[in-house]
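Trainee: Below is the file coords.txt, which contains compact mmCIF, C-alpha atoms.
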# COMPACT_ATOMS: atom_id res chain seq x y z
CA MET K 1 58.17 -15.72 61.40
CA ILE K 2 57.13 -16.90 57.99
CA GLN K 3 56.94 -14.16 55.38
CA SER K 4 54.21 -14.57 52.74
CA ASN K 5 55.03 -13.92 49.12
CA TRP K 6 52.58 -11.55 47.29
CA ARG K 7 52.47 -14.01 44.41
CA ASP K 8 50.70 -16.47 46.70
CA TYR K 9 47.56 -14.28 46.57
CA PHE K 10 47.37 -14.69 42.77
CA SER K 11 47.85 -18.42 42.60
CA PHE K 12 44.67 -20.41 41.89
CA SER K 13 43.84 -24.03 41.56
CA LYS K 14 42.39 -25.37 38.30
CA LYS K 15 38.93 -25.50 39.87
CA GLU K 16 39.16 -21.85 40.94
CA ILE K 17 40.34 -20.81 37.46
CA LYS K 18 37.33 -22.55 35.84
CA GLY K 19 35.01 -20.79 38.29
CA ILE K 20 36.51 -17.40 37.43
CA ILE K 21 36.08 -18.06 33.69
CA VAL K 22 32.42 -19.04 34.15
CA LEU K 23 31.73 -15.92 36.23
CA GLY K 24 33.43 -13.84 33.55
CA PHE K 25 31.17 -15.23 30.83
CA ILE K 26 28.08 -14.65 32.98
CA LEU K 27 29.10 -11.05 33.64
CA LEU K 28 29.88 -10.38 29.98
CA GLY K 29 26.57 -11.95 28.89
CA SER K 30 24.64 -9.82 31.38
CA ILE K 31 26.26 -6.66 30.05
CA LEU K 32 25.52 -7.57 26.41
CA LEU K 33 21.88 -8.49 27.12
CA SER K 34 21.37 -5.31 29.11
CA HIS K 35 22.74 -3.24 26.24
CA LEU K 36 20.69 -5.13 23.63
CA PHE K 37 17.33 -4.72 25.37
CA SER K 38 18.08 -1.13 26.25
CA THR K 39 18.87 -0.30 22.61
CA LYS K 40 15.79 -2.15 21.38
CA SER K 41 13.53 -0.31 23.82
CA ILE K 42 14.95 3.05 22.81
CA SER K 43 14.60 2.26 19.11
CA THR K 44 11.01 1.15 19.61
CA LEU K 45 10.21 4.29 21.57
CA VAL K 46 11.76 6.55 18.96
CA ALA K 47 9.91 4.75 16.17
CA LYS K 48 6.62 5.26 17.97
CA GLN K 49 7.37 8.93 18.55
CA ASP K 50 8.31 9.49 14.90
CA ARG K 51 5.15 7.75 13.76
CA ASN K 52 2.89 9.96 15.86
CA ILE K 53 0.20 7.26 16.09
CA ARG K 54 -3.36 8.55 16.56
CA LEU K 55 -6.12 6.00 17.13
CA THR K 56 -9.45 7.28 15.79
CA MET K 57 -12.59 5.69 14.37
CA PHE K 58 -12.12 4.48 10.78
CA ASP K 59 -13.76 2.44 8.04
CA PRO K 60 -11.25 0.09 6.34
CA ASN K 61 -13.36 0.33 3.15
CA THR K 62 -12.79 4.08 2.79
CA ILE K 63 -9.63 4.95 4.73
CA ASP K 64 -6.76 6.43 2.70
CA SER K 65 -3.04 5.70 3.01
CA ILE K 66 -2.21 8.70 5.23
CA GLN K 67 -4.97 7.88 7.73
CA ALA K 68 -3.86 4.24 7.79
CA LEU K 69 -0.28 5.23 8.59
CA ASP K 70 -1.51 7.56 11.36
CA LEU K 71 -3.23 4.54 12.92
CA GLY K 72 0.12 2.76 13.05
CA ILE K 73 -0.60 0.26 10.27
CA PRO K 74 2.75 -0.76 8.70
CA GLU K 75 3.53 0.54 5.20
CA LYS K 76 3.47 -2.94 3.65
CA GLN K 77 -0.01 -3.67 4.99
CA VAL K 78 -1.24 -0.25 3.82
CA ARG K 79 -0.23 -1.16 0.27
CA THR K 80 -1.91 -4.57 0.65
CA LEU K 81 -5.12 -2.87 1.83
CA LEU K 82 -5.18 -0.47 -1.13
CA ARG K 83 -4.54 -3.27 -3.65
CA TYR K 84 -7.30 -5.39 -2.10
CA ARG K 85 -9.86 -2.58 -2.39
CA ALA K 86 -8.75 -1.58 -5.89
CA LYS K 87 -9.56 -5.10 -7.08
CA GLY K 88 -13.09 -4.92 -5.65
CA GLY K 89 -12.41 -6.26 -2.16
CA TYR K 90 -14.79 -5.18 0.61
CA PHE K 91 -14.84 -5.70 4.40
CA LYS K 92 -18.38 -6.70 5.39
CA GLN K 93 -17.69 -6.76 9.13
CA LYS K 94 -14.82 -5.59 11.26
CA GLN K 95 -13.62 -9.15 11.91
CA ASP K 96 -12.83 -9.39 8.18
CA PHE K 97 -10.09 -6.80 8.68
CA SER K 98 -8.15 -9.28 10.82
CA LYS K 99 -7.66 -11.38 7.67
CA LEU K 100 -5.68 -8.64 5.93
CA TYR K 101 -2.47 -10.32 4.81
CA GLY K 102 0.43 -9.52 7.12
CA LEU K 103 -1.62 -7.78 9.82
CA THR K 104 -0.63 -9.18 13.22
CA THR K 105 -3.14 -10.26 15.86
CA GLU K 106 -1.70 -7.66 18.23
CA MET K 107 -2.20 -4.88 15.67
CA TYR K 108 -5.78 -6.00 14.92
CA ASN K 109 -6.68 -6.16 18.63
CA SER K 110 -5.44 -2.59 19.15
CA LEU K 111 -7.40 -1.31 16.13
CA SER K 112 -10.56 -3.39 16.59
CA PRO K 113 -12.34 -0.96 19.00
CA TYR K 114 -11.93 1.83 16.41
CA ILE K 115 -13.24 -0.05 13.35
CA LYS K 116 -16.66 1.03 12.16
CA ILE K 117 -17.99 -0.46 8.93
CA GLY K 118 -20.30 2.04 7.24
CA PRO K 119 -23.31 1.07 5.14
CA ARG K 120 -22.37 -0.04 1.66
CA GLU K 121 -23.85 2.11 -1.03
CA LYS K 122 -26.32 0.31 -3.22
CA PRO K 123 -24.61 -0.10 -6.59
CA SER K 124 -26.20 1.34 -9.70
CA TYR K 125 -25.92 -2.08 -11.31
CA ALA K 126 -28.53 -3.66 -9.02
CA ARG K 127 -30.46 -4.79 -12.10
CA PHE K 128 -27.66 -7.29 -12.68
CA SER K 129 -28.05 -8.90 -9.23
CA ASN K 130 -29.31 -12.13 -10.83
CA TYR K 131 -26.84 -11.91 -13.69
CA HIS K 132 -25.40 -15.20 -14.84
CA PRO K 133 -21.82 -15.74 -16.05
CA TYR K 134 -20.96 -13.87 -19.22
CA ALA K 135 -22.45 -15.67 -22.20
CA TYR K 136 -21.92 -15.20 -25.90
CA SER K 137 -25.58 -14.21 -26.30
CA ASN K 138 -24.76 -11.00 -24.40
CA LYS K 139 -21.97 -9.95 -26.72
CA PRO K 140 -22.36 -7.14 -29.26
CA GLU K 141 -23.30 -8.14 -32.77
CA LYS K 142 -20.68 -5.92 -34.46
CA SER K 143 -17.12 -7.20 -34.57
CA ASN K 144 -15.26 -4.18 -35.92
CA TRP K 145 -15.47 -2.00 -32.83
CA THR K 146 -12.59 -0.71 -30.67
CA ILE K 147 -12.41 0.73 -27.18
CA ASP K 148 -9.69 2.89 -25.63
CA ILE K 149 -9.64 1.52 -22.10
CA ASN K 150 -8.11 4.74 -20.76
CA ALA K 151 -10.57 7.12 -22.39
CA ALA K 152 -13.85 5.14 -22.39
CA GLN K 153 -16.48 6.01 -19.79
CA GLU K 154 -19.21 3.81 -18.37
CA ALA K 155 -21.72 4.43 -21.18
CA GLU K 156 -19.23 3.49 -23.90
CA TRP K 157 -18.15 0.37 -22.01
CA GLU K 158 -21.77 -0.76 -21.62
CA ARG K 159 -22.74 0.05 -25.20
CA LYS K 160 -19.78 -1.66 -26.84
CA THR K 161 -19.06 -4.61 -24.56
CA ASN K 162 -22.36 -5.37 -22.82
CA LEU K 163 -20.38 -6.19 -19.68
CA PRO K 164 -22.28 -6.07 -16.35
CA LEU K 165 -22.13 -2.61 -14.79
CA ASP K 166 -20.43 -3.96 -11.67
CA ILE K 167 -17.51 -5.20 -13.77
CA ILE K 168 -17.39 -1.91 -15.68
CA GLY K 169 -17.34 -0.04 -12.37
CA ARG K 170 -14.37 -2.10 -11.21
CA VAL K 171 -12.54 -1.49 -14.48
CA LEU K 172 -12.92 2.26 -14.04
CA ALA K 173 -11.89 2.03 -10.38
CA TYR K 174 -8.81 0.00 -11.29
CA LYS K 175 -7.87 2.51 -13.97
CA LYS K 176 -8.09 5.26 -11.37
CA PHE K 177 -5.98 3.17 -9.02
CA LEU K 178 -3.28 2.68 -11.68
CA GLY K 179 -3.52 6.20 -13.09
CA ALA K 180 -3.78 4.70 -16.58
CA PHE K 181 -3.66 1.30 -18.23
CA THR K 182 -0.34 0.76 -19.98
CA LYS K 183 -0.98 -2.73 -21.39
CA PRO K 184 -4.14 -4.80 -22.14
CA SER K 185 -3.19 -7.60 -19.72
CA GLN K 186 -3.81 -5.26 -16.78
CA LEU K 187 -7.51 -5.49 -17.60
CA SER K 188 -7.49 -9.21 -16.80
CA LYS K 189 -6.53 -8.40 -13.19
CA VAL K 190 -9.82 -6.61 -12.52
CA TYR K 191 -11.77 -8.48 -9.85
CA GLY K 192 -14.60 -10.44 -11.47
CA MET K 193 -13.18 -10.20 -15.00
CA SER K 194 -13.40 -13.80 -16.23
CA ASP K 195 -11.04 -15.15 -18.85
CA SER K 196 -13.90 -15.41 -21.37
CA MET K 197 -14.71 -11.73 -20.87
CA TYR K 198 -11.09 -10.68 -21.28
CA GLN K 199 -10.44 -12.89 -24.32
CA PHE K 200 -13.50 -11.46 -26.05
CA ILE K 201 -12.52 -7.83 -25.39
CA ARG K 202 -8.76 -8.24 -25.94
CA PRO K 203 -8.78 -7.93 -29.81
CA HIS K 204 -10.74 -4.67 -29.58
CA ILE K 205 -8.57 -2.91 -26.96
CA VAL K 206 -6.81 0.31 -27.89
CA ILE K 207 -4.37 2.08 -25.56
CA ASP K 208 -3.47 5.65 -26.47
CA LEU K 209 -1.24 6.88 -23.64
CA ALA K 210 -1.23 10.37 -25.13
CA LYS K 211 -4.95 10.59 -24.39
CA ALA K 212 -4.70 8.98 -20.97
CA PRO K 213 -5.97 11.32 -18.25
CA SER K 214 -3.20 13.05 -16.33
CA MET K 215 -3.15 12.66 -12.57
CA ASN K 216 -3.62 15.37 -9.97
CA MET K 217 -0.56 15.24 -7.72
CA ASN K 218 -2.53 16.77 -4.83
CA THR K 219 -4.94 13.83 -4.71
CA MET K 220 -2.63 10.94 -5.67
CA ARG K 221 -2.11 8.15 -3.18
CA PHE K 222 0.86 5.85 -2.61
CA ASN K 223 0.12 3.33 -5.36
CA GLU K 224 -0.58 6.04 -7.94
CA TRP K 225 2.87 7.52 -7.28
CA LYS K 226 4.33 4.01 -7.32
CA ASN K 227 2.81 3.18 -10.69
CA LEU K 228 4.55 6.15 -12.30
CA GLY K 229 7.70 4.05 -12.07
CA MET K 230 9.85 7.06 -11.17
CA PHE K 231 10.09 6.94 -7.37
CA ASN K 232 11.12 4.42 -4.73
CA ASP K 233 9.06 3.82 -1.60
CA GLN K 234 11.08 6.20 0.57
CA GLN K 235 10.66 9.05 -1.93
CA ILE K 236 6.91 8.45 -2.09
CA TRP K 237 6.55 8.54 1.70
CA THR K 238 8.54 11.79 1.66
CA ILE K 239 6.13 13.25 -0.91
CA LEU K 240 3.05 12.19 1.08
CA LYS K 241 4.51 13.54 4.32
CA LEU K 242 5.38 16.84 2.68
CA LYS K 243 1.88 17.10 1.22
CA LYS K 244 0.32 16.41 4.62
CA GLU K 245 2.48 19.07 6.28
CA ASN K 246 1.27 21.59 3.71
CA GLY K 247 -2.44 21.03 4.17
CA GLY K 248 -2.89 18.39 1.48
CA ARG K 249 -1.11 20.23 -1.33
CA ILE K 250 2.39 20.09 -2.75
CA GLY K 251 4.08 22.60 -5.02
CA TRP K 252 6.00 21.62 -8.15
CA ILE K 253 9.31 23.10 -6.96
CA ALA K 254 8.94 21.44 -3.55
CA LEU K 255 8.27 18.11 -5.29
CA ILE K 256 11.39 18.39 -7.44
CA GLU K 257 13.57 19.36 -4.48
CA ALA K 258 12.19 16.61 -2.23
CA THR K 259 12.83 13.85 -4.80
CA ASP K 260 16.01 15.29 -6.35
CA LEU K 261 14.85 14.73 -9.94
CA THR K 262 17.05 15.46 -12.92
CA GLN K 263 15.87 17.90 -15.59
CA GLU K 264 14.93 15.06 -17.93
CA GLU K 265 12.99 13.25 -15.19
CA ALA K 266 11.18 16.45 -14.24
CA ILE K 267 10.10 17.04 -17.85
CA LEU K 268 8.80 13.49 -18.11
CA LEU K 269 6.94 13.76 -14.80
CA LYS K 270 5.37 17.06 -15.79
CA LYS K 271 3.74 15.39 -18.79
CA LYS K 272 2.04 12.85 -16.52
CA LEU K 273 0.71 15.21 -13.83
CA ARG K 274 -1.78 18.01 -13.49
CA LEU K 275 0.01 20.76 -11.59
CA ASN K 276 -2.99 22.98 -10.96
CA ASP K 277 -6.38 21.58 -10.08
Is it possible to give me this structure as structure tokens?
Mentor:
Amino acid sequence: MIQSNWRDYFSFSKKEIKGIIVLGFILLGSILLSHLFSTKSISTLVAKQDRNIRLTMFDPNTIDSIQALDLGIPEKQVRTLLRYRAKGGYFKQKQDFSKLYGLTTEMYNSLSPYIKIGPREKPSYARFSNYHPYAYSNKPEKSNWTIDINAAQEAEWERKTNLPLDIIGRVLAYKKFLGAFTKPSQLSKVYGMSDSMYQFIRPHIVIDLAKAPSMNMNTMRFNEWKNLGMFNDQQIWTILKLKKENGGRIGWIALIEATDLTQEEAILLKKKLRLND
């Protein structure tokens, strides 16, 4: 009787060895892919839960940063939206919202049923509807005037510069968006401000930061916090989240603790903000 050696069961031909190697790679690949998609699905689910997305009717011309985040709009596109509006941008119909830079088609399709463009208020500068490009004949006769672009209100702007009221309105809106102008060149970024307008006004501009209006930290939005130059994006989202959790208000001590400011930073910040309003 022939006795079989146990080693015979573990002897393979070259063809069988190649087959085993291929099967091994297939099995390993299946395990890795399964783990990858499982992890991705869990991460996506957690992200959606943390975001607490609530789809409600909204007007992209008036929505604030918190409402936009609640709709699931990514942070980067929220900042793009606010910058677009601050420069005078306006969505005439809901299809215009799909052109927002960085907004995906999938995101727009999910938001489209909830977009409702409200009637645009008739601007007070309607008398300038047929206004032609800024001409030297419209400029003030006096040449020794100055204007503090942080302190001047609409009447002073109109009296001294003779700019169209729509441009003046955008200047004031942009100042509110920034919190305060810190350099004259920021004025040139106002939507509709032509180079001839800016070059004419530039020699007369005065910026007194000591007289710049302080900002109310209970009404400030993302870009207003950003323009302080003291916080990174994560700290700002923490501030906005904390304010939302406390009914739209945030205390000074809570703000300092949430952002971990030093004593010197806190003193500087206190000079820029209104704590009670």
Trainee: Quick one: pull the distance between atom CA of K:Ser188 and atom CA of K:Asn232, Å, one decimal.
Mentor: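 Here the two named atoms are 26.0 Å from each other.
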Trainee: Atom CA of K:Thr62 and atom CA of K:Ile168 are how many Å apart?
Mentor: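 Those two atoms sit 20.0 Å apart.
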Trainee: Between atom CA of K:Phe181 and atom CA of K:Pro60, what is the spacing in Å?
Mentor: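 Rounded to one decimal, the two atoms are 25.7 Å apart.
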Trainee: Looking at all atoms listed in the file, which of K:Leu23, K:Ile117, K:Met107, K:Leu82 is the one that sits closest to K:Leu178?
Mentor: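 Looking at the shortest contact to K:Leu178, the residue is K:Leu82.
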Trainee: List the spatial neighbours of K:Met57 as a list in words - criterion: any atom at most 9 Å away, all atoms listed in the file, same-chain residues fewer than 6 positions off excluded.
Mentor: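 The filter keeps Leu111, Pro113, Tyr114, Ile115 and Lys116 of chain K.
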Trainee: Check the smallest atom-to-atom distance from each of K:Leu81, K:Met230, K:Val171, K:Leu69 to K:Leu269 using all atoms listed in the file, then report the winner.
Mentor: K:Met230
Trainee: Which of these, K:Gln199, K:Gly118, K:Leu240, K:Ala180, has the shortest distance to K:Phe91 once you count all atoms listed in the file?
Mentor: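 Under the stated criterion, the closest residue is K:Gly118.
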Trainee: For K:Gln95, find every residue with an atom within 10 Å (counting all atoms listed in the file), except residues of its own chain fewer than 5 positions away, and show them as an MDAnalysis selection string.
Mentor: chainID K and resid 100 108 112 115
Trainee: Quick one: everything within 9 Å of K:Arg79, counting all atoms listed in the file, minus sequence neighbours fewer than 3 positions away in the same chain. Send it as a count of residues only.
Mentor: 9
